[in-house]
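Take a look at the structure set out below.
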Amino acid sequence: MIPELGNFALTLAGVLALGAAGVGLVAPRDEVMQRAAMSMVLGQWAFSFLAFAALTYAFVLDDFSVAYVANHSNSLLPWVYKVSAVWGGHEGSFLLWILIMGTWMLAFCLRSGQYPQHFTTRTIGVLSLLNLGFICFALFTSNPFLRLIPLTPADGADLNPLLQDFGLIVHPPLLYAGYVGLAIPFALAVAALLEGRVDATWARWTRTWTNMAWAFLTCGITLGSWWAYYELGWGGWWFWDPVENASFMPWLAATALVHSLSVTENRGTFKSWTLLLAITAFSFSLLGAFIVRSGVLTSVHSFAVDPERGMYILIFLALVVGGSLTLYALRATQTQVKVSYGVLSREFFMLINNVIMVVSLAVVLWGTLAPIGYEAISGGRISIGTPFFNAFFVPLGLLLLCALAFLPVLNWKRTKTEVLRSVYQAMAIAGVLGVMVWFALDPATIVVATAVALAVWVVITHIRQLVFRALRGSLPAAFIGMTLAHLGFAMGTVGIAVTATQSVESDVRMTPQSQVTLAGQQVTFTGVTNVQGPNYEAQQGIFILTDPDGRNAFELRPEKRRYLAGGNVMTEAGIKPGFFADTYISLGEPLDGGAWAVRLHYKPLVRWVWIGALLMAVGGVIAVFDKRYARQRRRVAAAQGSAATA
Amino acid sequence: MNPKRKQRLYLTVFLFLVAGGVTALLIQISGENMNMFYPPKDVVSGNAPVGERLRAGGMVMDGSVIRSTQNLGVTFVLTDHQGAEFSVRYTGILPDLFREGQGILVEGQLNNDGVLEATEVLAKHDENYMPPELMELQTAEQQQTPEPVMSAYPSSSMPLPQSSSDDS
């Protein structure tokens with residue numbers, strides 16, 4: 001009964017989405033309709049929530065008559081994973097997507113006091129139209145509430161062991177919050193195009209939402225990378241896998257958008273470019289959904305192959321992209337303004353950022369889609385590997401660091417060349433440091449030394465300007481946020497450069513009580529014991545890490561697990577985490593005579609990659625709390641108050 | 001031509017040059033880093049180039065897996081069950097789901113003896129996953145096999161890379 005209610009609630013949410021879309025797009029200036037649109041957003045959220053709750057209920061109570069539950073749960077599954085298994089497969093994760101969409105819309109309505117009512121209503125209309133598309137997709141092609149009656153299985157097929165992890169609990173919700181959050185700048189852009197008005201106020205509103213969505217997306221991708229690192233068992237943290245690329249592409253577009261919005265807000269230029277980026281970023285979110293959910297590519301996250309779903313998303317994608325770009329082509333030219341700026345200006349450096357982001361986007365898009373195109377044309381199969389992406393991302397990353405080092409001292413419009421003296425001083429210090437790094441490491445690693453030097457350069461110029469501003473007493477949150485994000489980028493780059501080139505990895509055959517040396521540490525393998533988990537049995541290897549003199553013993557217990565329900569085998573790594581380096585051990589396979597194949601990793605600075613990315617996300621959120629946004633809210637509130645009393 | 005137009009012309013030419021350059025680089029570099037896939041019959045017939053990085057795949061032949069007793073070296077034979085088979089040599093850890101009879105992808109170079117020196121061995125990661133390259137082999141082989149009723153585990157179909165080099 002409950003699943004049917006869930007289905008009904010989802011249908012109602014769809015009906016309300018249709019209503020809000022109609023009202024918002026047809027009669028945005030009618031006051032009654034404006035209020036109706038608002039309440040219909042609340043309704044969409046409430047009914048999506050009910051549908052989601054119904055599915056969760058079916059999971060918690062092991063209702064295996066629901067096909068989706070039977071496919072993704074098992075009575076032995078610990079309850080935490082029963083709850084997170086709700087979004088462990090295609091249908092349920094899409095329900096989560098819809099719930100998150102509803103939540104963003106609701107948040108937008110609650111914070112909409114600062115915008116003109118008709119503009120809010122129009123934006124709600126666009127968002128509801130998108131939500132209608134999502135809900136129809138769920139109802140018609142991937143309904144999670146379908147029953148298996150009368151063929152109800154006695155027990156479920158179990159959740160994929162890879163997903164029985166903390167990572168599944170947090171990674172998809174954060175990632176989806178990022179993907180779906182980009183719908184708000186998209187809807188704001190479409191609404192602005194419909195109104196034919198783009199100004200600094202519009203950019204200011206859009207920035208807040210873009211920064212939030214971007215921060216969620218950043219966290220989601222970072223967690224995914226960390227999860228892959230410790231859960232896949234083989235120590236890689238980024239595989240250039242099509243699905244990783246699918247999340248990376250909207251991120252690149254959104255990063256460009258965050259920067260271009262800042263120019264539009266402060267200088268009133270880049271307007272049509274900003275609108276185009278807002279459309280692009282969300283379109284890549286949808287493309288990502290298509291890649292993951294259509295089965296067009298096969299990868300760790302791909303949901304089961306289903307041409308009907310792929311076709312639906314492709315048509316939806318074509319309508320959204322085609323429709324918004326047509327609107328853009330018809331209206332964008334009306335918004336052009338001529339503003340001049342010199343080469344030594346923030347505008348120009350934002351332009352550099354945008355060019356690099358767009359080129360990166362093109363590279364990732366090509367690397368992801370070329371194999372599909374090749375297969376479609378010639379029927380042969382190819383794969384494009386990591387070297388392709390490295391060939392572009394190494395120089396692009398270094399170039400970005402160079403540009404970043406100049407940014408803190410630059411003004412809008414133009415900057416006096418004298419100001420650059422401090423930048424050059426910083427460059428000298430960083431250069432010396434880079435040469436030292438170069439000598440300390442293997443001489444072959446000139447790229448690493450360059451990356452470290454450039455990152456240090458960025459850090460010095462940013463910190464210097466931060467201190468300078470703090471002493472002058474003008475330290476707005478936006479500046480702190482920007483500095484933090486840029487420092488995070490520098491930190492992440494150092495992490496990537498060092499861990500990608502300085503890691504030690506060896507596959508060895510180890511008999512019990514044997515020892516090997518790994519990057520200056522003694523690794524002793526004491527043997528393997530059998531352990532029993534809640535829904536798996538495992539062979540657990542015991543390794544002792546010590547310094548060469550036998551002190552500072554640390555025990556690692558990697559496991560080879562066999563899950564009872566599906567018989568899947570999983571490698572669970574043993575990790576000694578550290579701020580400066582991780583030691584990572586995973587069990588391969590048992591060999592003759594009690595020996596095991598063992599993979600040992602020493603990964604310096606690998607954590608800097610994720611810490612850096614999280615710093616970027618935190619920076620993006622801090623920037624939202626800048627005083628000027630609060631000032632704007634107060635101003636609007638005051639204006640409305642006086643209008644009400646008058 | 002007035003200066004404003006001239007400026008716009010320069011800008012347009014510049015943009016086209018950048019876009020063209022990027023496209024040329026993309027095609028060039030992806031060409032250099034592209035791995036073609038070859039089924040067993042192409043490897044045996046000599047269609048697959050010797051000494052170039054490539055991907056190949058097939059089923060692991062029953063009883064063909066030989067582990068070295070000294071180190072992590074292993075050899076096995078990949079077959080399409082239709083008469084074409086070739087040997088693979090690999091040093092390192094095999095994937096969790098590497099078993100005899102299983103579909104496997106290998107990446108590496110063919111040597112002059114027709115043995116594939118693999119640097120990576122990719123296996124399907126769960127019971128329902130088949131590397132797309134092997135899907136055709138599989139369907140040709142067992143055409144009567146009914147579709148699985150429920151395709152469980154929607155989200156776990158990446159062949160886990162088991163590279164002997166650093167894959168980050």
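Letters A, B, ... go to the chains of the structure tokens in the order shown; residues in each chain start at 1; ligands are counted from 1 in the same order.
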Write out as CSV a residue-level contact list of chain A versus chain B with cut-off 7 Å: for each qualifying residue the closest pair of atoms and the distance in Å to one decimal, counting only C-alpha atoms, rows sorted by chain and residue number upward.
```
residue,atom,partner,partner_atom,distance
A:Asn71,CA,B:Ala152,CA,5.3
A:His72,CA,B:Ala152,CA,6.9
A:Gly89,CA,B:Pro154,CA,5.8
A:His90,CA,B:Pro154,CA,6.8
A:Ala157,CA,B:Ala152,CA,6.9
A:Leu159,CA,B:Tyr153,CA,6.8
A:Asn160,CA,B:Tyr153,CA,5.5
A:Gly236,CA,B:Ser168,CA,5.2
A:Trp237,CA,B:Ser168,CA,6.4
A:Trp238,CA,B:Ser168,CA,6.1
A:Phe239,CA,B:Ser168,CA,6.8
A:Thr298,CA,B:Ser157,CA,6.6
A:Ser299,CA,B:Met158,CA,4.1
A:Val300,CA,B:Met158,CA,3.7
A:His301,CA,B:Ser155,CA,4.2
A:Ser302,CA,B:Ser155,CA,5.1
A:Phe303,CA,B:Pro154,CA,4.3
A:Ala304,CA,B:Pro154,CA,4.9
A:Val363,CA,B:Leu26,CA,6.9
A:Arg381,CA,B:Phe37,CA,5.4
A:Ile382,CA,B:Met36,CA,4.5
A:Ser383,CA,B:Asn35,CA,5.2
A:Ile384,CA,B:Met34,CA,4.8
A:Gly385,CA,B:Asn33,CA,6.2
A:Pro387,CA,B:Asn33,CA,6.4
A:Phe388,CA,B:Asn33,CA,5.7
A:Ala500,CA,B:Ser168,CA,5.6
A:Glu505,CA,B:Asp166,CA,6.9
A:Asp507,CA,B:Gly92,CA,5.8
A:Val508,CA,B:Leu72,CA,6.7
A:Arg509,CA,B:Asn71,CA,6.0
A:Asn568,CA,B:Asp126,CA,6.5
A:Val569,CA,B:Asp96,CA,6.2
A:Met570,CA,B:Asp96,CA,6.9
A:Gly588,CA,B:Ile93,CA,5.6
A:Ala597,CA,B:Ile93,CA,6.4
```
Members of range 327-552 of chain A assigned strand (DSSP E or B) by DSSP, as a PyMOL selection string
chain A and resi 382-384+504-510+515-518+521-532+536-546
Report, in Å to a single decimal, how far apart CA of Thr11 in chain A and CA of Pro185 in chain A are.
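So the answer is 26.4 Å.
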Run DSSP on the backbone and grab whatever in range 133-351 of chain A lands in alpha helix (DSSP H); send it over as a count of residues only.
151
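With only C-alpha atoms as the basis for measurement, B:Met61 is the residue among B:Met61, B:Glu100, B:Gly114, B:Ile66 that approaches Thr79 in chain B most closely.
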What gap, in Å, lies between CA of Phe389 in chain A and CA of Arg607 in chain A?
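Those two atoms sit 21.4 Å apart.
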So how many Å separate CA of Ala289 in chain A and CA of Asn7 in chain A, to one decimal?
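Separation of CA of Ala289 in chain A and CA of Asn7 in chain A: 22.3 Å.
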Using only C-alpha atoms, which residues sit within 10 Å of range 172-184 of chain A once same-chain residues fewer than 5 positions away are excluded, as a ChimeraX atom specification?
/A:84,87-88,93-94,96-105,108,123-124,126-127,130-131,167,189-190,206,209-224,247,250-251,254,278-286,288-289
